[in-house]
Amino acid sequence: MRIYCTENYEAMSRKAAAVMAAQIIAKPDCILGLATGSTPVGLYQNLIAANKAGDLDFSRVTTVNLDEYAGLDGTHDQSYRYFMNTNLFDHVNIDKSRTNVPGGKTADPEAECARYEALLQKLGPADIQLLGMGRNGHIGFNEPADTFTVPTHVVELTQSTIEANARFFASADEVPRKALTMGVGAIMRARKVLVVVSGADKAQAVKDAFAGPIDPHVPASILQVHPDVVLVGDKAALAGLIEAGVPVCG
Ligand code: GLP
């Protein structure tokens with residue numbers, strides 16, 4: 001595992017975008033596993049700038065997103081499909097038919113999870129999987145639980161995640177209570193995992209995930225056994241890890 005510590009959010013976004021861009025340049029028809037949340041927004045802006053400058057070509061790229069809120073249509077402004085369109089896909093030369101996000105608006109979420117898992121199996125492992133982290137250590141919407149769940153599944157969101165994500169909705173009441181998420185199986189099958197973290201409110205989760213035991217109550221801790229993880233974080237988010245004596249690169 002390689003850990004890069006940056007001064008601030010902007011530097012984190014540039015460094016992480018460089019890792020992602022290197023992957024696209026090395027393999028133009030790569031499969032990118034993508035993530036939502038506020039943390040990757042700056043990374044996506046850097047990728048858009050590189051695309052507009054003619055340095056990065058998305059025309060052969062395929063994407064698979066981690067998760068989606070149950071009940072939200074892709075046109076809902078808090079759906080993760082909408083997030084991906086507005087924060088990345090609408091601004092680069094990607095073929096939208098090659099972009100995949102679980103369908104939130106469905107009468108049968110379990111069937112949608114099965115469809116998405118079959119798609120992931122058919123496409124094969126992501127060349128790089130981008131991950132943010134929840135304050136409780138969740139990845140995608142794999143919430144703390146007694147066991148790790150391997151396939152794509154429906155999850156009940158925890159109160160802490162509902163509260164953390166309420167800032168994007170008019171009120172906490174409007175945050176969907178359930179989501180569809182890639183399980184740890186597809187995340188761990190990815191050839192490379194890129195984790196981005198920013199801000200002091202992630203410091204405890206980062207420390208628990210990477211300097212504590214592997215424990216499904218801290219879902220990101222499973223990444224300790226992935227052979228190729230790059231963690232890019234600003235110094236506020238990495239403070240706990242650094243205190244614990246884990247070596248980081250500048
Ligand atoms: C959501 C997403 C996660 C994301 C997390 C953190 O719960 N499902 O994939 O990592 O939020 O979001 P933020 O980056 O805004 O802190």
# chains A, B, ... in the order shown; residues from 1 in each chain; ligands from 1
$ closest_atom_pairs --of "chain A" --to "ligand 1" --cutoff "8 Å" --atoms "only C-alpha atoms and all ligand atoms" --output "tab-separated table"
residue	atom	partner	partner_atom_place_in_ligand_line	distance
A:Ala35	CA	ligand 1	9 (O)	5.4
A:Thr36	CA	ligand 1	9 (O)	5.3
A:Gly37	CA	ligand 1	15 (O)	3.7
A:Ser38	CA	ligand 1	15 (O)	3.6
A:Thr39	CA	ligand 1	14 (O)	3.7
A:Pro40	CA	ligand 1	14 (O)	6.5
A:Leu66	CA	ligand 1	9 (O)	6.8
A:Asp67	CA	ligand 1	8 (N)	6.3
A:Glu68	CA	ligand 1	8 (N)	7.5
A:Leu131	CA	ligand 1	10 (O)	6.0
A:Gly132	CA	ligand 1	10 (O)	3.4
A:Met133	CA	ligand 1	10 (O)	3.9
A:Gly134	CA	ligand 1	6 (C)	4.2
A:Arg135	CA	ligand 1	16 (O)	7.0
A:His138	CA	ligand 1	10 (O)	7.0
A:Ile139	CA	ligand 1	9 (O)	5.5
A:Gly140	CA	ligand 1	9 (O)	3.8
A:Phe141	CA	ligand 1	8 (N)	4.7
A:Thr161	CA	ligand 1	7 (O)	6.2
A:Ala164	CA	ligand 1	16 (O)	7.7
A:Asn165	CA	ligand 1	7 (O)	6.6
A:Val197	CA	ligand 1	14 (O)	7.2
A:Ser198	CA	ligand 1	14 (O)	7.8
A:Lys202	CA	ligand 1	16 (O)	7.8
$ residues_around --residues "Asn93 in chain A" --least-positions-apart "4" --cutoff "9 Å" --atoms "only C-alpha atoms" --output "short mmCIF file (atom, residue, chain, number, x, y, z; two decimals) with C-alpha atoms, in the first residue's frame"
data_model
loop_
_atom_site.label_atom_id
_atom_site.label_comp_id
_atom_site.auth_asym_id
_atom_site.auth_seq_id
_atom_site.Cartn_x
_atom_site.Cartn_y
_atom_site.Cartn_z
CA ASN A 51 -9.66 16.08 -21.31
CA ASP A 57 -9.22 10.55 -24.04
CA PHE A 58 -12.31 8.91 -22.56
CA SER A 59 -13.73 7.61 -25.86
CA PHE A 89 -19.66 12.44 -17.94
#
$ residues_around --residues "Pro144 in chain A" --least-positions-apart "3" --cutoff "7 Å" --atoms "only C-alpha atoms" --output "JSON list (two decimals) with N, CA, C and O atoms, in the first residue's frame"
[["chain", "number", "residue", "atom", "x", "y", "z"],
["A", 138, "HIS", "N", -17.29, 3.41, 5.87],
["A", 138, "HIS", "CA", -17.94, 2.68, 4.78],
["A", 138, "HIS", "C", -17.27, 2.97, 3.43],
["A", 138, "HIS", "O", -16.67, 4.02, 3.23],
["A", 216, "PRO", "N", -15.28, -6.09, 9.76],
["A", 216, "PRO", "CA", -16.42, -5.62, 8.95],
["A", 216, "PRO", "C", -17.14, -4.43, 9.57],
["A", 216, "PRO", "O", -17.93, -3.77, 8.89],
["A", 217, "HIS", "N", -16.86, -4.12, 10.84],
["A", 217, "HIS", "CA", -17.45, -2.91, 11.43],
["A", 217, "HIS", "C", -16.72, -1.66, 10.95],
["A", 217, "HIS", "O", -17.17, -0.54, 11.19],
["A", 218, "VAL", "N", -15.57, -1.87, 10.30],
["A", 218, "VAL", "CA", -14.85, -0.78, 9.61],
["A", 218, "VAL", "C", -14.63, -1.28, 8.18],
["A", 218, "VAL", "O", -13.57, -1.81, 7.86],
["A", 219, "PRO", "N", -15.64, -1.17, 7.32],
["A", 219, "PRO", "CA", -15.57, -1.87, 6.02],
["A", 219, "PRO", "C", -14.30, -1.60, 5.21],
["A", 219, "PRO", "O", -13.76, -2.50, 4.57]]
$ residues_around --residues "range 181-185 of chain A" --least-positions-apart "5" --cutoff "9 Å" --atoms "only C-alpha atoms" --output "list in words"
Asn65, Leu66, Asp67, Glu68, Tyr69, Pro102, Cys113, Tyr116, Glu117, Ile139, Gly140, Phe141, Asn142, Phe148, Thr149, Val150, Pro151, Thr152, His153, Val154, Val155, Ala190, Pro219 and Ile222 of chain A
$ residues_around --residues "Tyr4 in chain A" --least-positions-apart "2" --cutoff "12 Å" --atoms "only C-alpha atoms" --output "ChimeraX atom specification"
/A:1-2,6-8,11-16,19,194-198,229-235,237-238,241-242,246-250
$ select_by_dssp --residues "range 7-214 of chain A" --states "helix (DSSP H, G or I)" --output "ChimeraX atom specification"
/A:9-26,41-52,80-87,89-91,96-98,109-123,159-168,172-174,184-189,200-211
$ atom_distance --atom1 "CA of Ile25 in chain A" --atom2 "CA of Ile48 in chain A"
14.2 Å
$ residues_around --residues "Leu32 in chain A" --least-positions-apart "6" --cutoff "10 Å" --atoms "only C-alpha atoms" --output "MDAnalysis selection string"
chainID A and resid 20 23:24 61:65 99 125:130 190 192
$ select_by_dssp --residues "range 38-109 of chain A" --states "strand (DSSP E or B)" --output "PyMOL selection string"
chain A and resi 62-65+67-69+99-100
$ closest_residue --among "A:Glu143, A:Glu10, A:Leu72, A:Asn136" --to "Tyr44 in chain A" --atoms "only C-alpha atoms"
A:Glu10
$ closest_residue --among "A:Lys105, A:Ala50, A:Ala211, A:Ile187" --to "Leu120 in chain A" --atoms "only C-alpha atoms"
A:Ile187
$ closest_residue --among "A:Cys5, A:Ile31, A:Ala22, A:Ala107" --to "Gly199 in chain A" --atoms "only C-alpha atoms"
A:Cys5
$ closest_residue --among "A:Val92, A:Ala203, A:Leu157, A:Ala26" --to "Arg177 in chain A" --atoms "only C-alpha atoms"
A:Leu157
$ residues_around --residues "Val175 in chain A" --least-positions-apart "6" --cutoff "9 Å" --atoms "only C-alpha atoms" --output "compact mmCIF listing (two decimals) with N, CA, C and O atoms, in the first residue's frame"
# COMPACT_ATOMS: atom_id res chain seq x y z
N TYR A 69 -28.70 5.42 -4.54
CA TYR A 69 -29.79 5.43 -3.57
C TYR A 69 -30.99 4.68 -4.12
O TYR A 69 -31.38 4.90 -5.29
N ILE A 162 -26.96 8.60 7.11
CA ILE A 162 -28.11 9.44 6.76
C ILE A 162 -27.82 10.88 7.21
O ILE A 162 -28.02 11.84 6.45
N GLU A 163 -27.29 11.01 8.42
CA GLU A 163 -27.00 12.36 8.93
C GLU A 163 -25.87 13.01 8.12
O GLU A 163 -25.93 14.20 7.78
N ASN A 165 -25.07 12.52 5.04
CA ASN A 165 -25.48 12.85 3.68
C ASN A 165 -26.67 13.80 3.62
O ASN A 165 -27.04 14.27 2.54
N ALA A 166 -27.24 14.13 4.79
CA ALA A 166 -28.41 15.03 4.84
C ALA A 166 -28.05 16.41 4.29
O ALA A 166 -28.92 17.12 3.79
N PHE A 168 -26.84 17.22 1.65
CA PHE A 168 -27.13 17.34 0.22
C PHE A 168 -28.64 17.41 -0.07
O PHE A 168 -29.05 17.69 -1.19
N PHE A 169 -29.45 17.09 0.94
CA PHE A 169 -30.90 17.07 0.76
C PHE A 169 -31.52 18.23 1.54
O PHE A 169 -30.86 18.85 2.37
$ closest_residue --among "A:Asp73, A:Asp215, A:Asp55, A:Asp29" --to "Ala145 in chain A" --atoms "only C-alpha atoms"
A:Asp215
$ atom_distance --atom1 "CA of Glu174 in chain A" --atom2 "CA of Asn85 in chain A"
21.6 Å
$ closest_residue --among "A:Asp201, A:Ala21, A:Val193, A:Ala239" --to "Val225 in chain A" --atoms "only C-alpha atoms"
A:Val193
